[in-house]
$ cat start.cif   # mmCIF, C-alpha atoms and all ligand atoms
data_model
#
loop_
_atom_site.label_atom_id
_atom_site.label_comp_id
_atom_site.auth_asym_id
_atom_site.auth_seq_id
_atom_site.Cartn_x
_atom_site.Cartn_y
_atom_site.Cartn_z
CA MET A 1 116.18 14.78 44.07
CA ARG A 2 115.65 13.83 40.39
CA ILE A 3 116.00 16.58 37.78
CA LEU A 4 114.73 16.04 34.24
CA VAL A 5 116.48 18.31 31.69
CA PHE A 6 115.29 18.74 28.09
CA GLY A 7 117.54 20.19 25.37
CA THR A 8 120.88 18.87 26.52
CA SER A 9 122.87 19.64 23.35
CA GLY A 10 122.25 23.39 23.50
CA GLN A 11 124.44 26.01 25.15
CA VAL A 12 122.39 26.23 28.34
CA GLY A 13 121.40 22.55 28.36
CA TRP A 14 125.02 21.51 28.19
CA ALA A 15 126.08 23.83 31.02
CA LEU A 16 123.12 22.73 33.16
CA GLN A 17 124.33 19.15 33.21
CA ARG A 18 127.46 20.29 35.09
CA SER A 19 125.79 22.84 37.36
CA LEU A 20 122.87 20.62 38.38
CA ALA A 21 124.97 17.51 39.05
CA PRO A 22 125.61 18.44 42.70
CA VAL A 23 121.94 19.38 43.21
CA GLY A 24 120.44 16.01 42.28
CA GLU A 25 120.37 13.08 39.91
CA VAL A 26 120.16 14.57 36.42
CA VAL A 27 118.21 12.75 33.69
CA ALA A 28 119.26 14.54 30.51
CA LEU A 29 117.26 14.19 27.28
CA GLY A 30 118.18 15.49 23.82
CA ARG A 31 115.93 15.62 20.79
CA ASP A 32 116.21 11.84 20.33
CA GLY A 33 115.25 11.12 23.94
CA ALA A 34 116.07 7.75 25.49
CA PRO A 35 114.23 4.41 25.45
CA GLY A 36 110.70 5.14 26.73
CA LEU A 37 111.56 8.82 27.25
CA PRO A 38 110.61 11.06 24.29
CA GLY A 39 112.55 14.33 23.87
CA ASP A 40 111.43 15.76 20.53
CA PHE A 41 109.69 19.13 21.01
CA ALA A 42 108.22 18.86 17.51
CA GLN A 43 105.99 16.10 18.98
CA PRO A 44 104.81 17.92 22.12
CA GLN A 45 102.11 15.50 23.32
CA ALA A 46 104.64 12.66 23.62
CA LEU A 47 106.80 14.66 26.08
CA ALA A 48 104.41 14.18 29.00
CA ALA A 49 105.30 10.47 29.07
CA SER A 50 108.90 11.34 29.98
CA VAL A 51 107.77 13.38 32.98
CA ARG A 52 105.43 10.60 34.13
CA ALA A 53 108.12 7.95 33.71
CA VAL A 54 110.93 9.84 35.46
CA GLN A 55 108.73 11.31 38.25
CA PRO A 56 111.18 14.19 38.78
CA GLN A 57 111.10 16.82 41.51
CA VAL A 58 112.38 19.40 38.99
CA VAL A 59 111.90 19.70 35.20
CA VAL A 60 114.13 22.07 33.22
CA ILE A 61 113.30 23.15 29.64
CA ALA A 62 116.47 24.19 27.81
CA ALA A 63 115.24 23.14 24.34
CA ALA A 64 113.89 25.86 22.07
CA HIS A 65 113.63 26.96 18.44
CA THR A 66 116.32 29.63 18.77
CA ALA A 67 116.95 30.40 15.07
CA VAL A 68 115.44 33.89 15.16
CA ASP A 69 115.50 34.53 11.40
CA ARG A 70 114.50 31.01 10.35
CA ALA A 71 111.50 31.19 12.68
CA GLU A 72 110.03 33.84 10.37
CA SER A 73 109.72 31.25 7.58
CA GLU A 74 108.67 28.32 9.81
CA PRO A 75 106.27 29.91 12.31
CA ALA A 76 104.24 26.73 12.86
CA LEU A 77 107.31 24.72 13.89
CA ALA A 78 108.56 27.58 16.10
CA HIS A 79 105.15 27.71 17.78
CA THR A 80 105.09 23.95 18.33
CA ILE A 81 108.58 23.92 19.90
CA ASN A 82 108.49 27.23 21.80
CA ALA A 83 104.85 27.36 22.90
CA GLU A 84 103.06 24.01 22.62
CA ALA A 85 105.83 21.82 24.03
CA PRO A 86 106.36 24.01 27.14
CA ALA A 87 102.59 23.99 27.67
CA VAL A 88 102.47 20.19 27.61
CA LEU A 89 105.45 20.01 29.96
CA ALA A 90 103.92 22.60 32.29
CA GLN A 91 100.76 20.51 32.60
CA ALA A 92 102.70 17.28 33.14
CA THR A 93 105.06 18.93 35.66
CA ALA A 94 102.12 20.31 37.63
CA GLU A 95 100.53 16.85 37.65
CA VAL A 96 103.59 15.29 39.33
CA GLY A 97 103.91 18.26 41.72
CA ALA A 98 107.39 19.24 40.51
CA LEU A 99 109.09 22.60 39.98
CA LEU A 100 109.41 23.69 36.33
CA VAL A 101 112.34 25.85 35.18
CA HIS A 102 111.92 27.53 31.80
CA TYR A 103 113.99 30.09 29.84
CA SER A 104 112.62 33.00 27.90
CA THR A 105 114.08 36.00 26.15
CA ASP A 106 114.58 39.76 25.87
CA TYR A 107 112.90 39.36 22.44
CA VAL A 108 109.48 39.30 24.14
CA PHE A 109 109.90 43.12 24.30
CA ASP A 110 109.62 45.60 21.45
CA GLY A 111 112.96 47.27 22.25
CA SER A 112 111.56 50.78 22.68
CA GLY A 113 113.05 53.30 25.11
CA GLN A 114 116.34 53.18 26.99
CA ARG A 115 115.29 51.90 30.40
CA PRO A 116 116.08 48.27 31.31
CA TRP A 117 112.92 46.14 31.01
CA ARG A 118 111.29 44.97 34.24
CA GLU A 119 109.39 41.72 34.61
CA ASP A 120 106.01 43.42 34.71
CA ASP A 121 106.59 45.68 31.69
CA ALA A 122 104.21 44.99 28.82
CA PRO A 123 105.68 42.61 26.25
CA GLY A 124 105.47 43.40 22.54
CA PRO A 125 107.49 40.92 20.49
CA LEU A 126 108.66 42.05 17.05
CA GLY A 127 108.87 38.63 15.39
CA VAL A 128 107.87 34.98 15.39
CA TYR A 129 110.62 33.88 17.80
CA GLY A 130 109.62 36.45 20.42
CA ARG A 131 105.90 35.80 19.95
CA THR A 132 106.27 32.03 20.32
CA LYS A 133 108.62 32.35 23.31
CA LEU A 134 106.11 34.70 24.96
CA ALA A 135 103.32 32.17 24.39
CA GLY A 136 105.55 29.49 25.94
CA GLU A 137 106.39 31.45 29.08
CA GLU A 138 102.72 32.43 29.52
CA ALA A 139 101.70 28.77 29.30
CA VAL A 140 104.28 27.78 31.90
CA ARG A 141 103.13 30.51 34.28
CA ARG A 142 99.46 29.65 33.77
CA LEU A 143 99.65 25.85 33.88
CA CYS A 144 102.39 25.14 36.44
CA PRO A 145 102.12 27.17 39.64
CA ARG A 146 105.57 26.03 40.82
CA HIS A 147 107.73 27.60 38.12
CA LEU A 148 110.84 29.65 37.60
CA VAL A 149 110.84 31.49 34.28
CA LEU A 150 114.18 33.16 33.51
CA ARG A 151 114.24 35.74 30.71
CA THR A 152 117.78 36.15 29.49
CA SER A 153 119.70 37.78 26.62
CA TRP A 154 122.50 37.23 24.10
CA VAL A 155 123.56 33.80 25.39
CA HIS A 156 127.07 32.50 24.71
CA GLY A 157 128.80 29.26 25.55
CA THR A 158 131.72 27.13 24.47
CA ARG A 159 129.31 24.66 22.92
CA GLY A 160 126.94 25.48 20.08
CA GLY A 161 126.84 28.41 17.70
CA ASN A 162 126.82 31.97 18.96
CA PHE A 163 127.82 35.51 18.02
CA ALA A 164 131.30 35.36 19.63
CA ARG A 165 132.26 32.26 17.69
CA THR A 166 130.96 33.81 14.46
CA MET A 167 133.06 36.95 15.07
CA LEU A 168 136.19 34.87 15.70
CA ARG A 169 135.63 32.92 12.46
CA LEU A 170 134.94 36.04 10.39
CA ALA A 171 137.97 37.85 11.86
CA ARG A 172 140.17 35.04 10.56
CA GLU A 173 138.59 35.17 7.08
CA ARG A 174 138.19 38.94 6.48
CA ASP A 175 140.16 42.18 6.83
CA ARG A 176 137.18 44.25 8.03
CA LEU A 177 133.87 43.48 9.73
CA SER A 178 130.66 45.51 10.04
CA VAL A 179 128.63 45.06 13.21
CA VAL A 180 125.49 46.84 14.39
CA ASP A 181 125.88 49.30 17.24
CA ASP A 182 122.29 50.40 17.89
CA GLN A 183 121.04 47.23 19.61
CA VAL A 184 122.02 47.25 23.29
CA GLY A 185 121.96 44.39 25.78
CA ALA A 186 124.10 42.13 27.94
CA PRO A 187 125.94 39.05 26.62
CA THR A 188 125.22 36.33 29.16
CA GLY A 189 127.15 33.11 29.66
CA ALA A 190 125.37 29.78 29.53
CA ASP A 191 127.55 28.77 32.48
CA LEU A 192 126.30 31.77 34.50
CA LEU A 193 122.68 30.88 33.68
CA ALA A 194 123.25 27.27 34.66
CA ASP A 195 124.87 28.26 37.97
CA LEU A 196 122.03 30.71 38.70
CA THR A 197 119.54 27.95 37.90
CA ALA A 198 121.18 25.53 40.34
CA HIS A 199 121.12 28.12 43.10
CA MET A 200 117.55 29.20 42.36
CA VAL A 201 116.25 25.62 42.24
CA ARG A 202 117.70 24.89 45.69
CA ALA A 203 116.40 28.13 47.15
CA THR A 204 112.93 27.73 45.62
CA ARG A 205 112.57 24.15 46.84
CA ALA A 206 113.24 25.40 50.37
CA GLN A 207 111.09 28.52 49.94
CA PRO A 208 108.32 27.99 47.33
CA ALA A 209 107.25 31.65 47.55
CA LEU A 210 110.32 32.42 45.40
CA CYS A 211 108.59 30.89 42.36
CA GLY A 212 107.97 33.35 39.56
CA LEU A 213 109.28 35.30 36.58
CA TYR A 214 112.81 36.75 36.71
CA HIS A 215 115.14 38.63 34.41
CA ALA A 216 118.53 36.88 34.45
CA ALA A 217 121.41 38.46 32.54
CA ALA A 218 125.00 39.54 33.17
CA ALA A 219 125.52 43.05 34.57
CA GLY A 220 126.31 46.08 32.42
CA GLU A 221 125.47 46.68 28.80
CA THR A 222 127.02 46.90 25.37
CA SER A 223 126.10 46.85 21.70
CA TRP A 224 126.83 43.98 19.31
CA HIS A 225 129.68 46.20 18.04
CA GLY A 226 131.10 46.58 21.57
CA TYR A 227 130.70 42.85 22.10
CA ALA A 228 132.56 42.05 18.85
CA CYS A 229 135.41 44.40 19.76
CA ARG A 230 135.74 42.82 23.21
CA VAL A 231 135.87 39.33 21.68
CA LEU A 232 138.56 40.22 19.16
CA ALA A 233 140.66 42.21 21.64
CA ARG A 234 140.68 39.32 24.07
CA ALA A 235 141.43 36.82 21.32
CA ARG A 236 144.46 38.89 20.27
CA GLN A 237 145.65 38.94 23.91
CA ALA A 238 145.23 35.18 24.02
CA GLY A 239 147.56 34.90 21.01
CA ALA A 240 145.02 34.32 18.22
CA THR A 241 146.10 35.25 14.70
CA LEU A 242 143.34 37.42 13.26
CA ARG A 243 143.13 39.35 10.00
CA ALA A 244 140.63 41.76 11.60
CA GLY A 245 141.21 43.04 15.14
CA PRO A 246 138.93 45.38 17.11
CA GLU A 247 140.24 48.39 15.14
CA ALA A 248 138.84 46.82 11.96
CA VAL A 249 135.25 46.49 13.18
CA ASP A 250 133.00 49.16 11.65
CA ALA A 251 129.92 50.24 13.63
CA VAL A 252 126.77 50.26 11.48
CA PRO A 253 123.07 50.81 12.23
CA SER A 254 120.60 47.90 12.13
CA SER A 255 119.14 49.42 8.96
CA ALA A 256 122.42 48.60 7.17
CA TRP A 257 122.06 44.94 8.05
CA PRO A 258 118.55 43.83 7.04
CA THR A 259 117.47 40.47 8.47
CA PRO A 260 114.21 38.51 8.10
CA ALA A 261 113.38 39.13 11.79
CA ARG A 262 113.40 42.60 13.36
CA ARG A 263 115.42 42.75 16.59
CA PRO A 264 114.70 44.96 19.62
CA LEU A 265 117.04 47.97 19.91
CA ASN A 266 116.75 48.07 23.70
CA SER A 267 117.41 44.57 25.07
CA ARG A 268 118.46 45.79 28.53
CA LEU A 269 116.95 43.62 31.30
CA ASP A 270 116.52 44.91 34.84
CA THR A 271 117.71 42.07 37.09
CA SER A 272 117.00 43.67 40.48
CA ARG A 273 114.14 41.30 41.28
CA LEU A 274 116.37 38.24 40.92
CA ARG A 275 119.31 39.77 42.81
CA GLN A 276 117.12 40.85 45.71
CA ALA A 277 114.95 37.73 45.99
CA PHE A 278 117.87 35.29 45.86
CA GLY A 279 120.67 37.45 47.32
CA LEU A 280 122.80 36.91 44.22
CA ALA A 281 125.39 39.10 42.51
CA LEU A 282 125.56 39.13 38.72
CA PRO A 283 129.03 39.57 37.19
CA ASP A 284 129.75 42.06 34.42
CA TRP A 285 129.14 40.82 30.85
CA GLY A 286 132.77 41.53 29.90
CA ALA A 287 134.18 39.08 32.42
CA GLY A 288 132.01 36.31 30.95
CA VAL A 289 133.04 37.15 27.39
CA ASP A 290 136.75 37.22 28.31
CA ARG A 291 136.41 33.83 29.91
CA LEU A 292 134.56 32.45 26.89
CA VAL A 293 137.29 33.68 24.52
CA ASP A 294 140.03 32.29 26.76
CA GLU A 295 138.32 28.91 26.68
CA LEU A 296 137.76 29.01 22.93
CA GLU A 297 141.26 30.24 22.13
CA GLY A 298 143.10 28.17 24.72
CA GLY A 299 144.30 31.22 26.67
CA ASN A 300 145.12 30.78 30.35
CA ARG A 301 144.60 34.22 31.90
N1 LIG B 1 120.79 31.94 22.46
C1 LIG B 1 120.40 33.14 22.88
O1 LIG B 1 121.01 34.17 22.56
C2 LIG B 1 119.22 33.28 23.81
C3 LIG B 1 118.81 34.56 24.20
C4 LIG B 1 117.72 34.69 25.06
C5 LIG B 1 117.06 33.57 25.52
N2 LIG B 1 117.47 32.33 25.09
C6 LIG B 1 116.72 31.17 25.56
O2 LIG B 1 117.59 30.37 26.36
C7 LIG B 1 117.25 29.00 26.23
C8 LIG B 1 118.47 28.19 25.87
O3 LIG B 1 119.01 28.70 24.64
P1 LIG B 1 120.39 28.17 24.05
O4 LIG B 1 121.18 29.36 23.65
O5 LIG B 1 121.00 27.16 24.95
O6 LIG B 1 119.87 27.46 22.72
P2 LIG B 1 120.68 26.61 21.65
O7 LIG B 1 122.12 26.55 21.99
O8 LIG B 1 120.26 27.13 20.31
O9 LIG B 1 120.08 25.16 21.86
C9 LIG B 1 118.76 24.86 21.52
C10 LIG B 1 118.46 23.50 22.03
O10 LIG B 1 117.12 23.19 21.65
C11 LIG B 1 117.14 21.91 21.05
N3 LIG B 1 116.06 21.72 20.11
C12 LIG B 1 115.74 22.41 18.99
N4 LIG B 1 114.69 21.84 18.39
C13 LIG B 1 114.35 20.76 19.15
C14 LIG B 1 113.36 19.77 19.06
N5 LIG B 1 112.49 19.72 18.03
N6 LIG B 1 113.29 18.82 20.02
C15 LIG B 1 114.16 18.82 21.06
N7 LIG B 1 115.13 19.72 21.19
C16 LIG B 1 115.22 20.68 20.25
C17 LIG B 1 118.46 21.83 20.33
O11 LIG B 1 118.72 20.49 20.03
P3 LIG B 1 119.54 20.06 18.68
O12 LIG B 1 120.98 20.27 19.04
O13 LIG B 1 119.17 18.65 18.50
O14 LIG B 1 119.06 20.97 17.59
C18 LIG B 1 119.36 22.41 21.42
O15 LIG B 1 119.64 21.44 22.39
C19 LIG B 1 116.13 28.96 25.18
O16 LIG B 1 114.89 28.94 25.83
C20 LIG B 1 116.27 30.27 24.44
O17 LIG B 1 115.03 30.67 23.88
C21 LIG B 1 118.54 32.16 24.27
#

$ encode --input "start.cif" --output "structure tokens" --more "lines below"
Ligand SMILES: NC(=O)c1ccc[n+]([C@@H]2O[C@H](COP(=O)([O-])OP(=O)(O)OC[C@H]3O[C@@H](n4cnc5c(N)ncnc54)[C@H](OP(=O)(O)O)[C@@H]3O)[C@@H](O)[C@H]2O)c1
Amino acid sequence: MRILVFGTSGQVGWALQRSLAPVGEVVALGRDGAPGLPGDFAQPQALAASVRAVQPQVVVIAAAHTAVDRAESEPALAHTINAEAPAVLAQATAEVGALLVHYSTDYVFDGSGQRPWREDDAPGPLGVYGRTKLAGEEAVRRLCPRHLVLRTSWVHGTRGGNFARTMLRLARERDRLSVVDDQVGAPTGADLLADLTAHMVRATRAQPALCGLYHAAAAGETSWHGYACRVLARARQAGATLRAGPEAVDAVPSSAWPTPARRPLNSRLDTSRLRQAFGLALPDWGAGVDRLVDELEGGNR
């Protein structure tokens, strides 16, 4: 089986290259592509040529415009990368009869209420990132019948920028940190998403009725404040020298931390559909964060 992966330098794209290696031959394309194989999502029409040339059985889209605040000031580029490029790839993937795997986000929801969002709840994105990601997932579902769309949340990995790495850097530079505590979700490892993807691709190839939209996130929930405290506590255990530990993280409301893009307060995702359909267990978010910190800080627990 040949698997064409776009977005290989990102957190999920990087992890996918390891997880998919035992599933098939992986052709991995970054923004610069490869000779004859375009990979730049800012030039969506060109991407179809890569699918036609590789003739894959599976296409995976891990590239995205993920800069949530910057998207507010460059909505056209965000739309091109997050909506138009997936649409072109969905069409091309359908034409070669392959399975398309695409990632979407908790930010397609408006964050109201307390209940974890289910796949068929009405979306209501609060900003450009969420709106363009929603348009992208809708295009994939409409244009490529054989698809897996995985909505996830608060992704972390050892490669690329993410909240945990920012907290570790700030805790070395400052004596106190302020972190919002009224946005709730589940930090989810890029390695977990990649492993889920590998399993789901194999299962869906054997049983095409499994195609569809799924919420895929670690189990449990926390706030960004709880997440920050967990990161710093684990880093201390791993021997990191920090100026600010978990006791020096102040909980503040989102209103104290204005950003160009509004974020959903309730980012909880109900993952029962995925767990039941694929017979998978999802580990607690804390285990993934501990592992991330151990890897970043060289701990060996
Ligand atoms: N990060 C999160 O917290 C989060 C939460 C929910 C859902 N998701 C979704 O999960 C998926 C993977 O996210 P991630 O965290 O792995 O993202 P990431 O680490 O920010 O990586 C984004 C990837 O997209 C690539 N990219 C950006 N612009 C591109 C362009 N014009 N052409 C080609 N590639 C381009 C980047 O390449 P360069 O390195 O060249 O820029 C990078 O490989 C995305 O669909 C995202 O929307 C992420």

$ closest_residue --input "start.cif" --among "A:Leu134, A:Ala256, A:Ala217, A:Ala194" --to "A:Ser178" --atoms "all atoms listed in the file"
A:Ala256

$ residues_near_ligand --input "start.cif" --ligand "ligand LIG 1 (chain B)" --cutoff "8 Å" --atoms "all atoms listed in the file" --output "MDAnalysis selection string"
chainID A and resid 6:14 30:32 39:43 61:67 81:82 102:107 133 151:157 159:162 190

$ closest_residue --input "start.cif" --among "A:Leu265, A:Ile3, A:Ala244, A:Val68" --to "A:Asp175" --atoms "only C-alpha atoms"
A:Ala244

$ atom_distance --input "start.cif" --atom1 "atom CA of A:Ala98" --atom2 "atom CA of A:Leu274"
21.0 Å

$ closest_residue --input "start.cif" --among "A:Pro116, A:Ala206, A:Asp182, A:Leu170" --to "A:Leu269" --atoms "all atoms listed in the file"
A:Pro116

$ residues_around --input "start.cif" --residues "A:Val26" --least-positions-apart "4" --cutoff "10 Å" --atoms "only C-alpha atoms" --output "MDAnalysis selection string"
chainID A and resid 1:5 16:18 20:22 56 58:59

$ atom_distance --input "start.cif" --atom1 "atom CA of A:Gly33" --atom2 "atom CA of A:Ala49"
11.2 Å

$ atom_distance --input "start.cif" --atom1 "atom CA of A:Val23" --atom2 "atom CA of A:Asp195"
10.7 Å

$ closest_residue --input "start.cif" --among "A:Gln114, A:Pro123, A:Ala139, A:Asp69" --to "A:Glu84" --atoms "all atoms listed in the file"
A:Ala139

$ residues_near_point --input "start.cif" --point "(109.3, 45.4, 23.4)" --cutoff "8 Å" --atoms "all atoms listed in the file" --output "list in words"
Tyr107, Val108, Phe109, Asp110, Gly111, Ser112, Ala122, Pro123, Gly124, Pro125, Leu126, Pro264 and Asn266 of chain A

$ closest_residue --input "start.cif" --among "A:Thr271, A:Ser254, A:Gln183, A:Arg202" --to "A:Ala218" --atoms "only C-alpha atoms"
A:Thr271

$ closest_residue --input "start.cif" --among "A:Ala261, A:Ala240, A:Val54, A:Leu232" --to "A:Pro75" --atoms "all atoms listed in the file"
A:Ala261

$ residues_around --input "start.cif" --residues "A:Val180" --least-positions-apart "4" --cutoff "8 Å" --atoms "only C-alpha atoms" --output "ChimeraX atom specification"
/A:223-225,251-254,257

$ write_last_selection --input "start.cif" --atoms "C-alpha atoms" --output "PDB file, in the frame of the given file"
ATOM      1  CA  SER A 223     126.100  46.850  21.700  1.00  0.00           C
ATOM      2  CA  TRP A 224     126.830  43.980  19.310  1.00  0.00           C
ATOM      3  CA  HIS A 225     129.680  46.200  18.040  1.00  0.00           C
ATOM      4  CA  ALA A 251     129.920  50.240  13.630  1.00  0.00           C
ATOM      5  CA  VAL A 252     126.770  50.260  11.480  1.00  0.00           C
ATOM      6  CA  PRO A 253     123.070  50.810  12.230  1.00  0.00           C
ATOM      7  CA  SER A 254     120.600  47.900  12.130  1.00  0.00           C
ATOM      8  CA  TRP A 257     122.060  44.940   8.050  1.00  0.00           C
TER       9      TRP A 257
END

$ residues_around --input "start.cif" --residues "stretch 282-286 of chain A" --least-positions-apart "3" --cutoff "7 Å" --atoms "all atoms listed in the file" --output "list in words"
Ala186, Pro187, Thr188, Ala218, Ala219, Gly220, Val289 and Asp290 of chain A
